[in-house]
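Heads up, structure-v2.tsv below (TSV, C-alpha atoms):
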chain	number	residue	atom	x	y	z
A	244	MET	CA	-3.06	-22.16	16.93
A	245	ALA	CA	-3.93	-21.77	20.60
A	246	ASN	CA	-4.31	-18.00	20.63
A	247	PRO	CA	-5.29	-16.67	17.21
A	248	ILE	CA	-6.10	-13.01	16.68
A	249	ARG	CA	-9.86	-12.74	16.14
A	250	VAL	CA	-10.70	-10.38	13.30
A	251	GLY	CA	-13.64	-8.11	12.57
A	252	LEU	CA	-13.63	-6.96	8.96
A	253	ALA	CA	-15.19	-3.57	8.18
A	254	GLY	CA	-16.43	-3.85	4.62
A	255	TYR	CA	-16.57	-6.67	2.11
A	256	GLY	CA	-15.61	-5.15	-1.20
A	257	ILE	CA	-12.59	-5.90	-3.39
A	258	SER	CA	-10.09	-4.85	-0.76
A	259	ALA	CA	-11.52	-7.20	1.86
A	260	THR	CA	-12.18	-10.16	-0.44
A	261	VAL	CA	-8.85	-9.99	-2.30
A	262	PHE	CA	-6.24	-8.56	0.06
A	263	HIS	CA	-7.38	-9.53	3.56
A	264	ALA	CA	-9.91	-12.34	4.00
A	265	PRO	CA	-7.89	-14.98	2.07
A	266	PHE	CA	-5.03	-14.57	4.52
A	267	PHE	CA	-7.27	-14.88	7.57
A	268	ALA	CA	-8.63	-18.05	5.98
A	269	THR	CA	-5.19	-19.61	5.47
A	270	MET	CA	-3.11	-18.31	8.39
A	271	PRO	CA	-3.56	-20.13	11.72
A	272	GLU	CA	-2.52	-16.95	13.53
A	273	TYR	CA	-5.89	-15.37	12.63
A	274	GLU	CA	-9.58	-16.19	12.80
A	275	LEU	CA	-12.18	-14.18	10.86
A	276	VAL	CA	-15.18	-13.96	13.19
A	277	ALA	CA	-17.28	-10.97	12.05
A	278	VAL	CA	-17.84	-8.94	8.88
A	279	LEU	CA	-19.62	-5.62	8.38
A	280	GLU	CA	-21.93	-5.79	5.35
A	281	ARG	CA	-24.68	-3.18	5.11
A	282	THR	CA	-27.26	-5.21	3.18
A	283	LYS	CA	-25.80	-8.49	1.90
A	284	ASN	CA	-24.34	-11.69	3.32
A	285	LEU	CA	-21.63	-12.38	0.77
A	286	SER	CA	-18.97	-13.14	3.37
A	287	GLN	CA	-21.03	-16.01	4.80
A	288	GLN	CA	-21.23	-17.64	1.38
A	289	GLN	CA	-17.45	-18.03	1.40
A	290	TYR	CA	-16.84	-18.22	5.14
A	291	PRO	CA	-19.98	-19.79	6.67
A	292	SER	CA	-18.82	-19.46	10.27
A	293	VAL	CA	-18.54	-15.66	10.25
A	294	LYS	CA	-21.11	-13.40	11.86
A	295	VAL	CA	-22.49	-10.60	9.67
A	296	VAL	CA	-23.24	-7.24	11.32
A	297	ARG	CA	-24.97	-4.25	9.76
A	298	THR	CA	-23.29	-1.32	11.51
A	299	PHE	CA	-19.75	-0.42	12.47
A	300	GLU	CA	-20.97	0.18	16.01
A	301	GLU	CA	-21.99	-3.48	16.23
A	302	LEU	CA	-18.61	-4.56	14.90
A	303	VAL	CA	-16.51	-2.69	17.45
A	304	ALA	CA	-18.86	-3.58	20.30
A	305	ASP	CA	-18.48	-7.30	19.61
A	306	PRO	CA	-16.40	-8.77	22.47
A	307	SER	CA	-15.26	-11.68	20.28
A	308	THR	CA	-12.99	-9.46	18.13
A	309	ASP	CA	-9.42	-8.42	18.94
A	310	LEU	CA	-8.55	-6.70	15.66
A	311	ILE	CA	-10.64	-4.47	13.39
A	312	VAL	CA	-9.52	-4.33	9.76
A	313	ILE	CA	-10.92	-1.27	8.00
A	314	THR	CA	-11.41	-1.74	4.24
A	315	SER	CA	-14.37	0.62	3.83
A	316	PRO	CA	-14.23	3.83	1.68
A	317	ASN	CA	-11.40	6.24	2.41
A	318	GLU	CA	-13.54	8.87	4.14
A	319	THR	CA	-14.43	6.32	6.85
A	320	HIS	CA	-10.83	5.46	7.73
A	321	PHE	CA	-10.41	8.19	10.31
A	322	PRO	CA	-13.70	7.93	12.24
A	323	TYR	CA	-13.66	4.12	12.17
A	324	SER	CA	-10.06	3.97	13.40
A	325	ILE	CA	-10.82	6.35	16.25
A	326	ALA	CA	-13.91	4.39	17.29
A	327	ALA	CA	-12.14	1.04	17.14
A	328	LEU	CA	-9.13	2.19	19.17
A	329	GLU	CA	-11.38	3.78	21.77
A	330	ALA	CA	-13.30	0.49	21.98
A	331	GLY	CA	-10.06	-1.28	22.91
A	332	LYS	CA	-9.42	-2.96	19.54
A	333	HIS	CA	-6.22	-3.26	17.56
A	334	VAL	CA	-6.66	-1.65	14.14
A	335	VAL	CA	-5.44	-2.21	10.59
A	336	VAL	CA	-6.55	0.54	8.24
A	337	GLU	CA	-6.23	0.30	4.47
A	338	LYS	CA	-4.22	2.89	2.62
A	339	PRO	CA	-4.57	5.79	2.42
A	340	PHE	CA	-4.26	6.15	6.18
A	341	THR	CA	-6.70	9.09	6.20
A	342	THR	CA	-7.86	11.72	3.71
A	343	THR	CA	-6.24	14.72	5.46
A	344	VAL	CA	-3.04	15.45	7.35
A	345	ALA	CA	-5.03	16.79	10.31
A	346	GLU	CA	-6.84	13.45	10.66
A	347	ALA	CA	-3.60	11.52	10.23
A	348	ARG	CA	-1.91	13.49	13.00
A	349	GLN	CA	-4.80	12.80	15.37
A	350	LEU	CA	-4.47	9.08	14.71
A	351	VAL	CA	-0.71	9.18	15.27
A	352	GLU	CA	-1.26	10.97	18.58
A	353	LEU	CA	-3.96	8.55	19.67
A	354	ALA	CA	-1.84	5.54	18.73
A	355	ALA	CA	1.04	6.93	20.81
A	356	VAL	CA	-1.02	6.83	24.01
A	357	SER	CA	-3.16	3.81	23.19
A	358	LYS	CA	-2.43	0.34	24.47
A	359	GLN	CA	-3.65	-0.96	21.13
A	360	VAL	CA	-1.74	-1.42	17.87
A	361	LEU	CA	-2.62	0.81	14.91
A	362	SER	CA	-1.09	-0.09	11.54
A	363	VAL	CA	-1.57	1.02	7.94
A	364	TYR	CA	-1.88	-1.77	5.37
A	365	GLN	CA	0.93	-1.14	2.87
A	366	ASN	CA	0.89	-4.45	1.02
A	367	ARG	CA	3.06	-3.12	-1.81
A	368	ARG	CA	6.03	-3.54	0.50
A	369	TYR	CA	5.38	-7.27	0.12
A	370	VAL	CA	5.52	-7.74	-3.65
A	371	SER	CA	8.14	-9.43	-5.79
A	372	ASP	CA	9.50	-6.36	-7.58
A	373	PHE	CA	9.86	-4.35	-4.37
A	374	PHE	CA	11.62	-7.21	-2.57
A	375	THR	CA	13.98	-7.57	-5.53
A	376	ILE	CA	14.70	-3.84	-5.83
A	377	ARG	CA	15.27	-3.51	-2.09
A	378	ASP	CA	17.89	-6.28	-2.21
A	379	LEU	CA	19.65	-4.79	-5.24
A	380	LEU	CA	19.87	-1.39	-3.56
A	381	ASP	CA	20.98	-2.89	-0.24
A	382	GLN	CA	23.80	-4.69	-2.06
A	383	GLN	CA	24.68	-1.44	-3.89
A	384	LEU	CA	24.84	-3.33	-7.19
A	385	LEU	CA	24.02	-0.15	-9.12
A	386	GLY	CA	26.38	2.15	-7.26
A	387	THR	CA	24.89	5.39	-5.99
A	388	ILE	CA	21.36	5.88	-7.35
A	389	HIS	CA	20.90	9.08	-9.32
A	390	GLU	CA	17.45	8.33	-10.82
A	391	PHE	CA	14.58	6.11	-9.71
A	392	GLU	CA	11.41	5.95	-11.78
A	393	GLY	CA	8.32	4.03	-10.70
A	394	HIS	CA	5.10	3.58	-12.70
A	395	TYR	CA	1.62	2.36	-11.84
A	396	ASP	CA	-0.06	2.66	-15.22
A	397	ARG	CA	-3.33	1.13	-16.42
A	398	TYR	CA	-5.68	1.36	-19.35
A	399	ARG	CA	-9.26	2.07	-18.38
A	400	ALA	CA	-10.74	4.60	-20.78
A	401	GLU	CA	-14.34	4.17	-19.66
A	402	ALA	CA	-15.89	5.23	-16.37
A	403	ARG	CA	-16.90	2.75	-13.69
A	404	PRO	CA	-20.22	4.20	-12.49
A	405	ASN	CA	-20.30	2.27	-9.23
A	406	ALA	CA	-16.65	2.84	-8.28
A	407	TRP	CA	-16.55	5.29	-5.38
A	408	ARG	CA	-12.87	6.00	-6.12
A	409	GLU	CA	-13.97	7.73	-9.34
A	410	HIS	CA	-16.48	10.00	-7.63
A	411	ASP	CA	-15.67	13.39	-6.14
A	412	LEU	CA	-15.30	12.21	-2.56
A	413	PRO	CA	-12.61	12.78	0.09
A	414	GLY	CA	-9.59	10.61	-0.70
A	415	SER	CA	-10.78	9.63	-4.17
A	416	GLY	CA	-8.66	9.76	-7.31
A	417	ILE	CA	-5.58	8.00	-8.57
A	418	LEU	CA	-3.07	9.79	-6.33
A	419	TYR	CA	-4.75	8.63	-3.11
A	420	ASP	CA	-5.36	5.19	-4.62
A	421	LEU	CA	-2.16	4.23	-6.45
A	422	GLY	CA	0.13	7.07	-5.43
A	423	ALA	CA	-0.09	5.93	-1.82
A	424	HIS	CA	1.71	2.71	-2.84
A	425	LEU	CA	4.50	4.35	-4.82
A	426	ILE	CA	5.14	7.09	-2.27
A	427	ASP	CA	5.38	4.61	0.59
A	428	GLN	CA	7.84	2.47	-1.38
A	429	VAL	CA	10.09	5.43	-2.09
A	430	LEU	CA	10.03	6.70	1.49
A	431	TYR	CA	10.99	3.18	2.58
A	432	LEU	CA	13.88	2.98	0.10
A	433	PHE	CA	15.27	6.53	0.22
A	434	GLY	CA	13.85	8.29	3.27
A	435	LEU	CA	12.41	11.80	3.21
A	436	PRO	CA	12.86	14.01	0.13
A	437	THR	CA	13.71	17.69	0.32
A	438	SER	CA	11.08	18.89	-2.17
A	439	ILE	CA	8.32	17.78	-4.52
A	440	THR	CA	7.07	18.99	-7.90
A	441	ALA	CA	3.73	17.59	-9.05
A	442	ASP	CA	1.56	17.54	-12.15
A	443	ILE	CA	-1.89	16.06	-11.37
A	444	ARG	CA	-4.55	15.87	-14.07
A	445	ARG	CA	-7.95	14.65	-15.19
A	446	GLN	CA	-7.19	13.18	-18.60
A	447	ARG	CA	-10.38	11.28	-19.42
A	448	PRO	CA	-13.36	13.42	-20.49
A	449	HIS	CA	-15.66	11.86	-17.90
A	450	ALA	CA	-13.18	12.07	-14.99
A	451	LYS	CA	-14.50	13.67	-11.82
A	452	VAL	CA	-11.24	13.20	-9.91
A	453	ASP	CA	-7.57	12.97	-10.86
A	454	ASP	CA	-6.64	10.05	-13.11
A	455	TYR	CA	-3.02	11.01	-13.84
A	456	PHE	CA	-0.04	12.17	-11.82
A	457	ASP	CA	3.63	12.84	-12.34
A	458	LEU	CA	5.63	13.49	-9.16
A	459	ARG	CA	9.26	14.60	-8.98
A	460	LEU	CA	10.92	14.09	-5.60
A	461	ASP	CA	14.29	15.68	-4.95
A	462	TYR	CA	16.89	13.90	-2.81
A	463	GLY	CA	19.85	16.02	-3.84
A	464	PHE	CA	21.96	13.76	-6.06
A	465	THR	CA	19.04	11.32	-6.39
A	466	LYS	CA	15.92	12.22	-8.39
A	467	VAL	CA	12.74	10.15	-8.02
A	468	ILE	CA	9.95	10.14	-10.63
A	469	LEU	CA	6.58	8.59	-9.78
A	470	HIS	CA	3.95	8.29	-12.48
A	471	ALA	CA	0.47	6.85	-12.95
A	472	SER	CA	-2.15	7.12	-15.67
A	473	MET	CA	-5.37	5.39	-16.64
A	474	LEU	CA	-4.70	5.81	-20.37
A	475	VAL	CA	-1.61	3.66	-20.93
A	476	ARG	CA	-2.66	0.81	-23.20
A	477	GLU	CA	0.89	-0.47	-23.75
A	478	PRO	CA	2.90	-0.05	-20.54
A	479	GLY	CA	6.61	0.56	-20.48
A	480	PRO	CA	8.90	-0.53	-17.66
A	481	ARG	CA	7.35	-0.53	-14.22
A	482	TYR	CA	10.64	0.53	-12.67
A	483	MET	CA	13.77	2.10	-14.15
A	484	ILE	CA	16.63	2.60	-11.73
A	485	HIS	CA	19.93	4.16	-12.76
A	486	GLY	CA	23.05	4.39	-10.63
A	487	THR	CA	26.67	5.40	-11.03
A	488	ALA	CA	27.61	1.75	-11.76
A	489	GLY	CA	24.60	0.41	-13.63
A	490	SER	CA	20.87	0.15	-14.28
A	491	PHE	CA	17.95	-2.10	-13.41
A	492	ILE	CA	14.90	-2.23	-15.67
A	493	LYS	CA	11.78	-4.08	-14.56
A	494	TYR	CA	8.58	-4.83	-16.49
A	495	GLY	CA	5.43	-6.57	-15.32
A	496	GLU	CA	3.62	-6.90	-12.02
A	497	ASP	CA	3.66	-9.14	-8.98
A	498	PRO	CA	1.19	-12.00	-9.64
A	499	GLN	CA	-0.49	-12.17	-6.24
A	500	GLU	CA	-3.36	-9.76	-6.89
A	501	ALA	CA	-4.38	-11.44	-10.15
A	502	ARG	CA	-4.34	-14.88	-8.54
A	503	LEU	CA	-6.35	-13.70	-5.54
A	504	ARG	CA	-8.90	-11.98	-7.79
A	505	ALA	CA	-9.28	-15.28	-9.64
A	506	GLY	CA	-10.28	-16.93	-6.36
A	507	GLU	CA	-7.02	-18.68	-5.56
A	508	LEU	CA	-6.04	-18.94	-1.90
A	509	PRO	CA	-2.45	-18.03	-0.97
A	510	GLY	CA	-0.02	-20.81	-0.22
A	511	GLY	CA	2.39	-23.30	-1.70
A	512	ASP	CA	5.98	-23.01	-2.89
A	513	ASN	CA	4.96	-21.20	-6.06
A	514	TRP	CA	2.96	-18.44	-4.36
A	515	GLY	CA	4.03	-14.93	-5.35
A	516	ARG	CA	6.61	-16.08	-7.89
A	517	GLU	CA	6.82	-14.15	-11.14
A	518	ASP	CA	7.15	-15.73	-14.54
A	519	GLU	CA	10.72	-15.47	-15.79
A	520	SER	CA	9.50	-13.47	-18.79
A	521	ILE	CA	9.18	-10.41	-16.51
A	522	PHE	CA	12.37	-10.85	-14.49
A	523	GLY	CA	14.23	-7.53	-14.35
A	524	LEU	CA	17.35	-6.73	-16.36
A	525	LEU	CA	20.50	-5.83	-14.42
A	526	HIS	CA	23.26	-4.12	-16.40
A	527	THR	CA	26.10	-3.06	-14.15
A	528	GLU	CA	29.79	-3.33	-13.36
A	529	ILE	CA	31.04	-5.29	-10.35
A	530	ASP	CA	34.77	-5.54	-9.51
A	531	GLY	CA	35.70	-4.46	-13.01
A	532	LYS	CA	33.42	-7.00	-14.70
A	533	ILE	CA	30.45	-5.95	-16.84
A	534	ILE	CA	27.32	-7.89	-15.96
A	535	LYS	CA	24.17	-7.88	-18.09
A	536	GLU	CA	21.70	-10.50	-16.98
A	537	LYS	CA	18.16	-11.23	-15.86
A	538	VAL	CA	17.66	-11.18	-12.10
A	539	VAL	CA	15.40	-13.85	-10.63
A	540	SER	CA	12.62	-11.97	-8.83
A	541	LYS	CA	12.07	-12.58	-5.15
A	542	ALA	CA	8.74	-14.23	-4.33
A	543	GLY	CA	6.05	-11.79	-3.23
A	544	HIS	CA	4.21	-12.50	0.01
A	545	TYR	CA	1.34	-10.25	1.14
A	546	GLY	CA	0.95	-12.55	4.12
A	547	GLY	CA	4.24	-11.26	5.48
A	548	TYR	CA	2.38	-8.15	6.60
A	549	TYR	CA	0.08	-10.19	8.81
A	550	GLU	CA	2.92	-12.40	10.05
A	551	ASN	CA	4.70	-9.29	11.30
A	552	LEU	CA	1.52	-7.86	12.80
A	553	TYR	CA	0.87	-11.04	14.76
A	554	GLN	CA	4.34	-10.84	16.28
A	555	THR	CA	3.67	-7.22	17.27
A	556	ILE	CA	0.27	-7.84	18.84
A	557	ARG	CA	1.03	-11.13	20.59
A	558	ASN	CA	4.76	-10.91	21.30
A	559	GLY	CA	5.55	-7.19	21.40
A	560	ALA	CA	7.78	-7.16	18.32
A	561	PRO	CA	8.40	-3.72	16.76
A	562	LEU	CA	5.61	-2.62	14.44
A	563	LYS	CA	6.82	-2.41	10.82
A	564	GLU	CA	3.97	-0.43	9.19
A	565	LYS	CA	3.68	2.45	11.63
A	566	PRO	CA	1.00	5.16	11.94
A	567	GLU	CA	3.71	7.73	11.24
A	568	HIS	CA	4.37	6.03	7.91
A	569	GLY	CA	0.72	6.42	7.04
A	570	TYR	CA	0.87	10.08	8.06
A	571	ASN	CA	3.94	10.73	5.90
A	572	THR	CA	2.25	9.32	2.81
A	573	VAL	CA	-0.83	11.50	3.35
A	574	ARG	CA	1.40	14.52	3.95
A	575	MET	CA	3.30	13.86	0.72
A	576	MET	CA	0.03	13.65	-1.22
A	577	GLU	CA	-1.17	16.95	0.24
A	578	LEU	CA	2.17	18.54	-0.69
A	579	ALA	CA	1.75	17.15	-4.20
A	580	PHE	CA	-1.65	18.81	-4.56
A	581	GLU	CA	-0.18	22.05	-3.18
A	582	SER	CA	2.64	21.89	-5.73
A	583	HIS	CA	0.19	21.28	-8.56
A	584	THR	CA	-2.15	24.07	-7.48
A	585	ARG	CA	0.67	26.59	-7.08
A	586	GLN	CA	2.52	25.28	-10.15
A	587	CYS	CA	5.81	25.24	-8.31
A	588	THR	CA	8.22	23.10	-6.34
A	589	VAL	CA	7.38	22.97	-2.63
A	590	PRO	CA	9.60	21.87	0.28
A	591	CYS	CA	8.75	18.57	1.95
A	592	SER	CA	8.07	19.86	5.43
A	593	GLY	CA	5.99	18.48	8.29
A	594	LEU	CA	7.09	14.85	7.93
A	595	PHE	CA	7.96	12.39	10.69
A	596	ASP	CA	11.67	11.62	10.46
A	597	ILE	CA	11.49	8.07	11.75
A	598	PRO	CA	13.01	4.83	10.42
A	599	TYR	CA	11.10	2.74	7.90
A	600	ARG	CA	13.10	-0.38	8.71
Would you mind giving the structure from this file in structure tokens?
Amino acid sequence: MANPIRVGLAGYGISATVFHAPFFATMPEYELVAVLERTKNLSQQQYPSVKVVRTFEELVADPSTDLIVITSPNETHFPYSIAALEAGKHVVVEKPFTTTVAEARQLVELAAVSKQVLSVYQNRRYVSDFFTIRDLLDQQLLGTIHEFEGHYDRYRAEARPNAWREHDLPGSGILYDLGAHLIDQVLYLFGLPTSITADIRRQRPHAKVDDYFDLRLDYGFTKVILHASMLVREPGPRYMIHGTAGSFIKYGEDPQEARLRAGELPGGDNWGREDESIFGLLHTEIDGKIIKEKVVSKAGHYGGYYENLYQTIRNGAPLKEKPEHGYNTVRMMELAFESHTRQCTVPCSGLFDIPYR
């Protein structure tokens, strides 16, 4: 491609190696030119042409980069985003957008006056189950939704000593890690709730931060339940959606992450396609006819995020993953902690009422 976006990658941990670099390597719209690694040169082993820098200041000062992708620990998201925007770079910041609402608002305000693009990386909008659920709801195949339940459960009973997400640091814990995905999905599908009731716990004896949450979001007629735990050895459905006409039950998980972690590069007709064993079950009534059948899952495509971003940066297309979306997710998580601390339902105030699509 004649005018690829040249990328500087801040960090080279799991987020960078699994969710970002493989797409820069396979999409002609992008070129990975520089990577921030404090002490190692792992990125050069896989991408020999990249330049390794040792400080974030070097990364943003590099004139060869157009876009800085921030995959470093959560507490760096705010200062790194500010520095990159002020250096004249476009910015992608991993979720969570920031660790506090005050920081998130500053980024939203800076993005509003900046000539650069600032986007939050919400890749769980680009997975097979979400694509499938979005289409079912858009077609109103379940009638009016009265209950939506989403799970992000795992089984990891032992501590990971080197995992910063399990240490008592700003933005650590399961709510900021996995809750950011579920909350963003629900805001995309249903808009802004009126209130939230949260139960947030440390279930494992060694836990230094939250490793369990149960969130109840009120939309009037519609109730949303979001749940995650690190002590679920045998998971139930990932999604259970019930409407006035029918239900949709979905097990399993989009295959992209597992394939990327195994070293596979994205591409090909089979990319992001689920095995039929985890296709969701639709049981509903349409035009007086009862339907109970498996629904072929849509193919997931993380790369769709970067396809959209390219169109925004190069061609001025509307940005899909907006800074305000990142702010709203952080605000919802702060409200969840407030609800848990006060042991009560709290109103969902202070959110940006802007479209998600």
Residue among A:Tyr482, A:Tyr419, A:Phe299, A:Trp514 lying closest to A:Gln499, counting only C-alpha atoms: A:Trp514
Atom CA of A:Pro598 to atom CA of A:Gly569, distance in Å rounded to a single decimal: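 A separation of 12.8 Å between them.
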Who sits within 8 Å of A:Glu280, all atoms listed in the file, same chain under 5 positions skipped, as a PyMOL selection string: chain A and resi 253-255+295-298
Nearby residues, (-6.0, -6.7, 16.0) file frame, 6 Å, only C-alpha atoms, as a ChimeraX atom specification: /A:309-311,333-334
A:Pro561, A:Gly543, A:Gly256, A:Gly434 ranked by distance to A:Gly515, top pick (using only C-alpha atoms): A:Gly543
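Using only C-alpha atoms for every distance, the candidate list A:Leu385, A:Ala579, A:Val452, A:Val356 yields A:Leu385 as the residue closest to A:Glu528.
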Long-range neighbours of A:Leu578 as a list in words, 10 Å cut-off, all atoms listed in the file, 2 positions minimum in chain: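 Here the qualifying residues turn out to be Ser438, Ile439, Thr440, Ala441, Thr572, Val573, Arg574, Met575, Met576, Phe580, Glu581, Ser582, His583, Thr584, Thr588, Val589, Pro590, Cys591, Ser592 and Gly593 of chain A.
Closest approach to A:Leu412 from the set A:Thr319, A:Ser258, A:Asn284, A:Ser371 is made by A:Thr319, with distances taken over all atoms listed in the file.
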Computed interatomic separation between atom CA of A:Gly414 and atom CA of A:Ala355 (Å): 24.3 Å
A:Gly386 surroundings by only C-alpha atoms, 7 Å radius, close-in-sequence under 6 positions cut, as a list of chain:residue names: A:Gly486, A:Thr487, A:Ala488, A:Gly489
What's around stretch 462-471 of chain A at 9 Å? Count only C-alpha atoms, leave out sequence neighbours fewer than 4 positions away in its own chain, and write the answer as an mmCIF file with C-alpha atoms, in the coordinates of the input.
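The new file out27.cif reads:
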data_model
loop_
_atom_site.group_PDB
_atom_site.id
_atom_site.type_symbol
_atom_site.label_atom_id
_atom_site.label_comp_id
_atom_site.auth_asym_id
_atom_site.auth_seq_id
_atom_site.Cartn_x
_atom_site.Cartn_y
_atom_site.Cartn_z
ATOM 1 C CA THR A 387 24.890 5.390 -5.990
ATOM 2 C CA ILE A 388 21.360 5.880 -7.350
ATOM 3 C CA HIS A 389 20.900 9.080 -9.320
ATOM 4 C CA GLU A 390 17.450 8.330 -10.820
ATOM 5 C CA PHE A 391 14.580 6.110 -9.710
ATOM 6 C CA GLU A 392 11.410 5.950 -11.780
ATOM 7 C CA GLY A 393 8.320 4.030 -10.700
ATOM 8 C CA HIS A 394 5.100 3.580 -12.700
ATOM 9 C CA TYR A 395 1.620 2.360 -11.840
ATOM 10 C CA ASP A 396 -0.060 2.660 -15.220
ATOM 11 C CA ARG A 397 -3.330 1.130 -16.420
ATOM 12 C CA ILE A 417 -5.580 8.000 -8.570
ATOM 13 C CA LEU A 418 -3.070 9.790 -6.330
ATOM 14 C CA LEU A 421 -2.160 4.230 -6.450
ATOM 15 C CA GLY A 422 0.130 7.070 -5.430
ATOM 16 C CA LEU A 425 4.500 4.350 -4.820
ATOM 17 C CA ILE A 426 5.140 7.090 -2.270
ATOM 18 C CA VAL A 429 10.090 5.430 -2.090
ATOM 19 C CA PHE A 433 15.270 6.530 0.220
ATOM 20 C CA GLY A 434 13.850 8.290 3.270
ATOM 21 C CA LEU A 435 12.410 11.800 3.210
ATOM 22 C CA PRO A 436 12.860 14.010 0.130
ATOM 23 C CA THR A 437 13.710 17.690 0.320
ATOM 24 C CA SER A 438 11.080 18.890 -2.170
ATOM 25 C CA ASP A 454 -6.640 10.050 -13.110
ATOM 26 C CA TYR A 455 -3.020 11.010 -13.840
ATOM 27 C CA PHE A 456 -0.040 12.170 -11.820
ATOM 28 C CA ASP A 457 3.630 12.840 -12.340
ATOM 29 C CA LEU A 458 5.630 13.490 -9.160
ATOM 30 C CA VAL A 475 -1.610 3.660 -20.930
#
List the neighbours of A:His320 out to 9 Å using all atoms listed in the file; skip same-chain residues closer than 3 positions along the sequence, and give me the result as a JSON list (two decimals) with C-alpha atoms, in the coordinates of the input.
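Written output follows (around.json):
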[["chain", "number", "residue", "atom", "x", "y", "z"],
["A", 313, "ILE", "CA", -10.92, -1.27, 8.00],
["A", 314, "THR", "CA", -11.41, -1.74, 4.24],
["A", 315, "SER", "CA", -14.37, 0.62, 3.83],
["A", 316, "PRO", "CA", -14.23, 3.83, 1.68],
["A", 317, "ASN", "CA", -11.40, 6.24, 2.41],
["A", 323, "TYR", "CA", -13.66, 4.12, 12.17],
["A", 324, "SER", "CA", -10.06, 3.97, 13.40],
["A", 325, "ILE", "CA", -10.82, 6.35, 16.25],
["A", 336, "VAL", "CA", -6.55, 0.54, 8.24],
["A", 337, "GLU", "CA", -6.23, 0.30, 4.47],
["A", 338, "LYS", "CA", -4.22, 2.89, 2.62],
["A", 339, "PRO", "CA", -4.57, 5.79, 2.42],
["A", 340, "PHE", "CA", -4.26, 6.15, 6.18],
["A", 341, "THR", "CA", -6.70, 9.09, 6.20],
["A", 342, "THR", "CA", -7.86, 11.72, 3.71]]
Residue list as JSON, numbers by chain for point (-1.8, -21.4, 11.3), cut-off 7 Å, only C-alpha atoms: {"A": [244, 269, 270, 271, 272]}
Given all atoms listed in the file as the counted atoms, nearest of A:Glu500, A:Glu477, A:Tyr570, A:Tyr369 to A:Thr343: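 Among A:Glu500, A:Glu477, A:Tyr570, A:Tyr369, it is A:Tyr570 that comes nearest to A:Thr343.
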Å distance separating atom CA of A:Asp512 from atom CA of A:Asp372, one decimal place: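 Computing it gives 17.7 Å between the two atoms.
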